[in-house]
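I have placed the structure first, in the form of structure tokens, so that the comments after it can refer back to it.
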Amino acid sequence: DLSGSVQYMMCDIGDGFSLRALTDDGDPRSPVISKDGRFFYYLANPRDDAGVAGISLKRVDLQSFRAETMAIYDAPVDGIGKRPLNAVPRIGSLRADGRMLCSGFNFRTDNGEPHFAPVFVDLETLSINGFDWEPYSWRVGGSYFRGDDPAHLGHLLMGKCNRSQQWDKDGNYTEKWYSDVHRGQLHIVDEAGSIVGTVPIGGEKEGVDHPCWRGGRYEVTTHSGRFDTAPHWRGTIMCAEPIACDPALWASPKDIPGARRFEMTRKFIRPDVCHQSWHVDGIHGAFDTEGWAGRGTPCLQGPSAFLYLGTVIENGREEPYILTKYLLHPRSSWNSAFTENCQELSPDLKTVFFNSDWCGKIGHPQVFAVRGFTFPEAQ
């Protein structure tokens, strides 16, 4: 359903992939599953027909399927000083210890202009706070470090877009830059909003997109469109360790002195990467290739976007690289963001889930699963 009505369901892969609805709200956002796997948490935006003001924190018991409202956030949020208007359409992020949920809100303003900010909900005390980041950008929120190193607990991967982006009801796009630097940067930020490190990827002829933690390692990987390694565009996977540096160097992160950074797809001639899904071990991953027009390699049926598996080779003689193995062609149309592959690797390394509209109506994706594969191994 592409009407804008989103609901969440639980798929039991041990029961013939049976489905069970978890939500029936008009606009659920920021879903996460508790660390012990017992509860499904999400935020629900206010509904005119429900008579409830504010944003609701709800949870569903995944054993009894009992749903309950844990808290309603309508008062000014600490650190922002404004009342919430709605939660933005971003996936939530759960801190590694399972206590904090990171999301993003749009806040009420006197002039009606949007004011976006990341927010943090304590799932034990139900308190909420936030900090200002880029109030003009709806791409707020962050991704918590996935590892168990206590020194990095509470560190978030966050991007600075330096611009606002809007689409009107007819699909017309407008943007406004708020910086002389017309590109995004990736930073590591603590829960107080302080930048504790910068990801040394991005700059002239090197883009950043779809960034994520390399599993549970304190390294960041990103799809990086590059024009400096071949006569043609290459969609690479760049990896780097965050580094503290002078803010004057943020304009061109790839040139930060002393940074450790490397291309993980350097032995793959046409990686054409778009999305990444990393296992927490930081060794195994599932990846897809770019399907938008003008990128990648055309093929007879659908765009060139195929799925492949990767195993990171760490031999001590060179920087790590990804050994690749073709998985399948999803045959999705890529006619909108809804039909991108968006693959996810299961925690037990046995299943890859992905989107495709191949078997249904064009533009209306279904979720597929593939099993029975093995990861590539060094010979």
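If you're wondering about the labels, chains in the structure tokens are A, B, ... by order shown, residues count from 1 in each chain, ligands from 1 in order shown.
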
Mind checking which residues fall within 10 Å of A:Ala117, counting only C-alpha atoms, ignoring those fewer than 3 positions away in the same chain, and posting them as a short mmCIF file (atom, residue, chain, number, x, y, z; two decimals) with C-alpha atoms, in the first residue's frame?
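Resulting contents of out04.cif:
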data_model
loop_
_atom_site.label_atom_id
_atom_site.label_comp_id
_atom_site.auth_asym_id
_atom_site.auth_seq_id
_atom_site.Cartn_x
_atom_site.Cartn_y
_atom_site.Cartn_z
CA GLY A 79 17.13 20.37 25.16
CA ILE A 80 14.77 21.66 22.46
CA PRO A 84 6.51 17.89 19.44
CA ALA A 87 7.80 11.91 14.55
CA VAL A 88 9.63 11.90 11.23
CA SER A 103 14.32 8.96 16.87
CA GLY A 104 13.65 12.32 15.22
CA PHE A 105 10.81 14.79 15.78
CA ASN A 106 9.42 17.80 14.01
CA PHE A 107 8.51 20.47 16.57
CA PRO A 114 9.52 23.00 10.54
CA GLY A 130 16.99 16.01 22.54
CA PHE A 131 19.45 18.47 21.06
CA ASP A 132 19.45 20.78 18.07
CA TRP A 133 21.33 19.51 15.02
CA GLU A 134 20.06 20.71 11.64
CA PRO A 135 16.58 22.13 12.31
CA TYR A 136 15.94 22.59 8.58
CA SER A 137 16.58 18.95 7.63
CA TRP A 138 14.08 16.12 8.13
CA ARG A 139 16.96 13.64 7.90
CA VAL A 140 17.41 13.74 11.67
CA GLY A 141 18.14 10.97 14.11
#

Checklist entry - Which neighbours of A:Leu156 fall inside 10 Å, counting only C-alpha atoms, when residues of the same chain fewer than 6 positions from it are skipped, and could you give them as an NGL selection string? => result :A and (93 or 95 or 102 or 141-146 or 187-191 or 193 or 195-196 or 213)

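Here the question is which of A:Cys11, A:Val60, A:Ala286, A:Met238 gets nearest to A:Thr311 using only C-alpha atoms, and that residue is A:Ala286.
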
Item to check | Residue contacts of A:Arg83 (6 Å, only C-alpha atoms) excluding same-chain residues fewer than 2 positions away, as number ranges by chain | outcome: A: 74-76, 107-108

Checklist entry - Got a sec to tell me which of stretch 98-282 of chain A DSSP assigns to helix (DSSP H, G or I), as JSON, numbers by chain? => result {"A": [150, 151, 152, 247, 248, 249, 253, 254, 255]}

Next on the checklist: I want to know what sits within 8 Å of stretch 4-8 of chain A, based on only C-alpha atoms, with residues of the same chain fewer than 2 positions away left out; could you give that as a list in words?
Outcome noted: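 Non-adjacent residues within range: Asp1, Leu2, Met10, Ala21, Leu22, Thr23, Asp24, Asp25, Gly26, Asp27 and Pro28 of chain A.
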
Next on the checklist: Env of stretch 344-351 of chain A: 9 Å cut, atoms = only C-alpha atoms, seq-sep filter 4 positions within chain, self excluded. Answer as a ChimeraX atom specification.
Outcome noted: /A:276-280,284-287,369-375

Serialized selection, N, CA and C atoms, as a PDB file, in the first residue's frame:
ATOM      1  N   GLN A 276      23.813  -1.581   1.986  1.00  0.00           N
ATOM      2  CA  GLN A 276      24.647  -2.532   2.720  1.00  0.00           C
ATOM      3  C   GLN A 276      23.866  -3.084   3.904  1.00  0.00           C
ATOM      4  N   SER A 277      24.099  -4.331   4.234  1.00  0.00           N
ATOM      5  CA  SER A 277      23.583  -4.922   5.467  1.00  0.00           C
ATOM      6  C   SER A 277      24.691  -5.757   6.087  1.00  0.00           C
ATOM      7  N   TRP A 278      25.186  -5.308   7.233  1.00  0.00           N
ATOM      8  CA  TRP A 278      26.328  -5.946   7.881  1.00  0.00           C
ATOM      9  C   TRP A 278      25.883  -6.791   9.072  1.00  0.00           C
ATOM     10  N   HIS A 279      26.438  -7.983   9.157  1.00  0.00           N
ATOM     11  CA  HIS A 279      26.298  -8.768  10.377  1.00  0.00           C
ATOM     12  C   HIS A 279      27.095  -8.078  11.475  1.00  0.00           C
ATOM     13  N   VAL A 280      26.727  -8.319  12.737  1.00  0.00           N
ATOM     14  CA  VAL A 280      27.407  -7.645  13.840  1.00  0.00           C
ATOM     15  C   VAL A 280      28.883  -8.015  13.906  1.00  0.00           C
ATOM     16  N   HIS A 284      30.723 -10.453   7.625  1.00  0.00           N
ATOM     17  CA  HIS A 284      29.768 -10.912   6.617  1.00  0.00           C
ATOM     18  C   HIS A 284      28.756  -9.815   6.299  1.00  0.00           C
ATOM     19  N   GLY A 285      28.395  -9.733   5.019  1.00  0.00           N
ATOM     20  CA  GLY A 285      27.432  -8.720   4.626  1.00  0.00           C
ATOM     21  C   GLY A 285      26.676  -9.125   3.379  1.00  0.00           C
ATOM     22  N   ALA A 286      25.554  -8.436   3.167  1.00  0.00           N
ATOM     23  CA  ALA A 286      24.772  -8.578   1.936  1.00  0.00           C
ATOM     24  C   ALA A 286      24.658  -7.201   1.309  1.00  0.00           C
ATOM     25  N   PHE A 287      24.879  -7.116   0.000  1.00  0.00           N
ATOM     26  CA  PHE A 287      24.973  -5.832  -0.687  1.00  0.00           C
ATOM     27  C   PHE A 287      24.169  -5.892  -1.986  1.00  0.00           C
ATOM     28  N   ALA A 369      12.484 -13.613   0.538  1.00  0.00           N
ATOM     29  CA  ALA A 369      13.558 -14.173   1.352  1.00  0.00           C
ATOM     30  C   ALA A 369      14.289 -15.233   0.548  1.00  0.00           C
ATOM     31  N   VAL A 370      15.601 -15.289   0.715  1.00  0.00           N
ATOM     32  CA  VAL A 370      16.410 -16.299   0.040  1.00  0.00           C
ATOM     33  C   VAL A 370      17.266 -17.009   1.079  1.00  0.00           C
ATOM     34  N   ARG A 371      17.362 -18.333   0.929  1.00  0.00           N
ATOM     35  CA  ARG A 371      18.170 -19.169   1.811  1.00  0.00           C
ATOM     36  C   ARG A 371      18.974 -20.158   0.977  1.00  0.00           C
ATOM     37  N   GLY A 372      19.753 -20.973   1.664  1.00  0.00           N
ATOM     38  CA  GLY A 372      20.495 -22.023   0.979  1.00  0.00           C
ATOM     39  C   GLY A 372      21.774 -21.561   0.329  1.00  0.00           C
ATOM     40  N   PHE A 373      22.294 -20.426   0.742  1.00  0.00           N
ATOM     41  CA  PHE A 373      23.526 -19.886   0.163  1.00  0.00           C
ATOM     42  C   PHE A 373      24.693 -20.102   1.125  1.00  0.00           C
ATOM     43  N   THR A 374      25.869 -19.928   0.610  1.00  0.00           N
ATOM     44  CA  THR A 374      27.087 -19.931   1.440  1.00  0.00           C
ATOM     45  C   THR A 374      27.877 -18.682   1.134  1.00  0.00           C
ATOM     46  N   PHE A 375      28.588 -18.186   2.100  1.00  0.00           N
ATOM     47  CA  PHE A 375      29.408 -16.991   1.903  1.00  0.00           C
ATOM     48  C   PHE A 375      30.733 -17.357   1.225  1.00  0.00           C
TER      49      PHE A 375
END

Item to check | Secondary structure check, strand (DSSP E or B) residues of stretch 196-288 of chain A, as a ChimeraX atom specification | outcome: /A:196-198,203,206,209-213,220-226,234-240,243,261-263,273-278,284-288

Write a file of the just-selected residues containing N, CA and C atoms, as an mmCIF file, in the first residue's frame.
data_model
loop_
_atom_site.group_PDB
_atom_site.id
_atom_site.type_symbol
_atom_site.label_atom_id
_atom_site.label_comp_id
_atom_site.auth_asym_id
_atom_site.auth_seq_id
_atom_site.Cartn_x
_atom_site.Cartn_y
_atom_site.Cartn_z
ATOM 1 N N VAL A 196 32.271 13.972 18.573
ATOM 2 C CA VAL A 196 33.465 13.366 19.166
ATOM 3 C C VAL A 196 34.392 12.787 18.113
ATOM 4 N N GLY A 197 33.939 12.740 16.876
ATOM 5 C CA GLY A 197 34.775 12.234 15.790
ATOM 6 C C GLY A 197 34.132 12.521 14.447
ATOM 7 N N THR A 198 34.942 12.509 13.424
ATOM 8 C CA THR A 198 34.467 12.712 12.052
ATOM 9 C C THR A 198 34.871 11.512 11.209
ATOM 10 N N GLY A 203 34.241 14.214 -0.109
ATOM 11 C CA GLY A 203 34.984 15.369 -0.587
ATOM 12 C C GLY A 203 34.860 15.437 -2.099
ATOM 13 N N GLU A 206 34.153 12.333 -4.366
ATOM 14 C CA GLU A 206 33.918 11.197 -3.476
ATOM 15 C C GLU A 206 32.684 11.495 -2.633
ATOM 16 N N ASP A 209 26.802 8.093 1.037
ATOM 17 C CA ASP A 209 25.384 7.772 1.038
ATOM 18 C C ASP A 209 25.198 6.422 1.736
ATOM 19 N N HIS A 210 24.037 6.209 2.319
ATOM 20 C CA HIS A 210 23.704 4.967 3.023
ATOM 21 C C HIS A 210 24.817 4.553 4.003
ATOM 22 N N PRO A 211 25.264 5.446 4.864
ATOM 23 C CA PRO A 211 26.327 5.076 5.803
ATOM 24 C C PRO A 211 25.806 4.167 6.910
ATOM 25 N N CYS A 212 26.693 3.352 7.463
ATOM 26 C CA CYS A 212 26.326 2.481 8.581
ATOM 27 C C CYS A 212 27.585 2.053 9.312
ATOM 28 N N TRP A 213 27.387 1.547 10.523
ATOM 29 C CA TRP A 213 28.507 0.955 11.255
ATOM 30 C C TRP A 213 28.901 -0.361 10.595
ATOM 31 N N VAL A 220 33.111 2.856 10.197
ATOM 32 C CA VAL A 220 31.931 3.236 9.426
ATOM 33 C C VAL A 220 32.173 2.897 7.965
ATOM 34 N N THR A 221 31.167 2.310 7.343
ATOM 35 C CA THR A 221 31.225 2.067 5.906
ATOM 36 C C THR A 221 30.121 2.877 5.228
ATOM 37 N N THR A 222 30.363 3.261 3.994
ATOM 38 C CA THR A 222 29.368 4.023 3.264
ATOM 39 C C THR A 222 29.463 3.732 1.775
ATOM 40 N N HIS A 223 28.318 3.722 1.140
ATOM 41 C CA HIS A 223 28.276 3.724 -0.323
ATOM 42 C C HIS A 223 28.868 5.053 -0.767
ATOM 43 N N SER A 224 29.894 4.979 -1.568
ATOM 44 C CA SER A 224 30.606 6.194 -1.970
ATOM 45 C C SER A 224 30.791 6.207 -3.477
ATOM 46 N N GLY A 225 30.032 7.066 -4.135
ATOM 47 C CA GLY A 225 30.220 7.249 -5.565
ATOM 48 C C GLY A 225 31.531 7.975 -5.828
ATOM 49 N N ARG A 226 32.396 7.353 -6.635
ATOM 50 C CA ARG A 226 33.738 7.928 -6.849
ATOM 51 C C ARG A 226 34.015 8.080 -8.343
ATOM 52 N N ARG A 234 32.147 4.792 -10.165
ATOM 53 C CA ARG A 234 32.189 3.537 -9.400
ATOM 54 C C ARG A 234 31.486 3.750 -8.072
ATOM 55 N N GLY A 235 30.497 2.898 -7.801
ATOM 56 C CA GLY A 235 29.844 2.927 -6.497
ATOM 57 C C GLY A 235 30.573 2.008 -5.555
ATOM 58 N N THR A 236 31.453 2.556 -4.745
ATOM 59 C CA THR A 236 32.337 1.753 -3.896
ATOM 60 C C THR A 236 31.808 1.656 -2.470
ATOM 61 N N ILE A 237 32.390 0.756 -1.708
ATOM 62 C CA ILE A 237 32.213 0.756 -0.257
ATOM 63 C C ILE A 237 33.514 1.256 0.342
ATOM 64 N N MET A 238 33.434 2.435 0.954
ATOM 65 C CA MET A 238 34.571 2.986 1.675
ATOM 66 C C MET A 238 34.396 2.700 3.159
ATOM 67 N N CYS A 239 35.485 2.442 3.832
ATOM 68 C CA CYS A 239 35.484 2.162 5.267
ATOM 69 C C CYS A 239 36.497 3.071 5.946
ATOM 70 N N ALA A 240 36.175 3.523 7.141
ATOM 71 C CA ALA A 240 37.095 4.413 7.857
ATOM 72 C C ALA A 240 36.843 4.346 9.350
ATOM 73 N N ILE A 243 37.718 9.904 13.433
ATOM 74 C CA ILE A 243 38.903 10.602 13.934
ATOM 75 C C ILE A 243 38.497 11.988 14.428
ATOM 76 N N ARG A 261 41.546 5.084 6.297
ATOM 77 C CA ARG A 261 40.412 4.904 5.388
ATOM 78 C C ARG A 261 40.860 4.032 4.224
ATOM 79 N N PHE A 262 39.942 3.246 3.694
ATOM 80 C CA PHE A 262 40.306 2.350 2.606
ATOM 81 C C PHE A 262 39.049 1.915 1.865
ATOM 82 N N GLU A 263 39.228 1.549 0.597
ATOM 83 C CA GLU A 263 38.122 1.028 -0.186
ATOM 84 C C GLU A 263 38.045 -0.482 -0.015
ATOM 85 N N VAL A 273 27.805 -0.228 -5.854
ATOM 86 C CA VAL A 273 27.091 -0.486 -4.599
ATOM 87 C C VAL A 273 26.015 0.557 -4.330
ATOM 88 N N CYS A 274 24.931 0.100 -3.716
ATOM 89 C CA CYS A 274 23.931 1.030 -3.204
ATOM 90 C C CYS A 274 23.724 0.786 -1.704
ATOM 91 N N HIS A 275 23.060 -0.320 -1.342
ATOM 92 C CA HIS A 275 22.740 -0.588 0.070
ATOM 93 C C HIS A 275 23.680 -1.637 0.665
ATOM 94 N N GLN A 276 23.813 -1.581 1.986
ATOM 95 C CA GLN A 276 24.647 -2.532 2.720
ATOM 96 C C GLN A 276 23.866 -3.084 3.904
ATOM 97 N N SER A 277 24.099 -4.331 4.234
ATOM 98 C CA SER A 277 23.583 -4.922 5.467
ATOM 99 C C SER A 277 24.691 -5.757 6.087
ATOM 100 N N TRP A 278 25.186 -5.308 7.233
ATOM 101 C CA TRP A 278 26.328 -5.946 7.881
ATOM 102 C C TRP A 278 25.883 -6.791 9.072
ATOM 103 N N HIS A 284 30.723 -10.453 7.625
ATOM 104 C CA HIS A 284 29.768 -10.912 6.617
ATOM 105 C C HIS A 284 28.756 -9.815 6.299
ATOM 106 N N GLY A 285 28.395 -9.733 5.019
ATOM 107 C CA GLY A 285 27.432 -8.720 4.626
ATOM 108 C C GLY A 285 26.676 -9.125 3.379
ATOM 109 N N ALA A 286 25.554 -8.436 3.167
ATOM 110 C CA ALA A 286 24.772 -8.578 1.936
ATOM 111 C C ALA A 286 24.658 -7.201 1.309
ATOM 112 N N PHE A 287 24.879 -7.116 0.000
ATOM 113 C CA PHE A 287 24.973 -5.832 -0.687
ATOM 114 C C PHE A 287 24.169 -5.892 -1.986
ATOM 115 N N ASP A 288 23.803 -4.714 -2.486
ATOM 116 C CA ASP A 288 23.164 -4.676 -3.802
ATOM 117 C C ASP A 288 23.860 -3.637 -4.668
#

Checklist entry - Expressed in Å to a single decimal, how great is the separation between atom CA of A:Met70 and atom CA of A:Arg47? => result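 It comes out at 16.9 Å.
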
Next on the checklist: List the spatial neighbours of stretch 161-163 of chain A as number ranges by chain - criterion: any atom at most 9 Å away, only C-alpha atoms, same-chain residues fewer than 4 positions off excluded.
Outcome noted: A: 134, 136-137, 139, 175-186

Checklist entry - Between atom CA of A:Arg214 and atom CA of A:Pro320, what is the distance, to one decimal in Å? => result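 So the answer is 12.0 Å.
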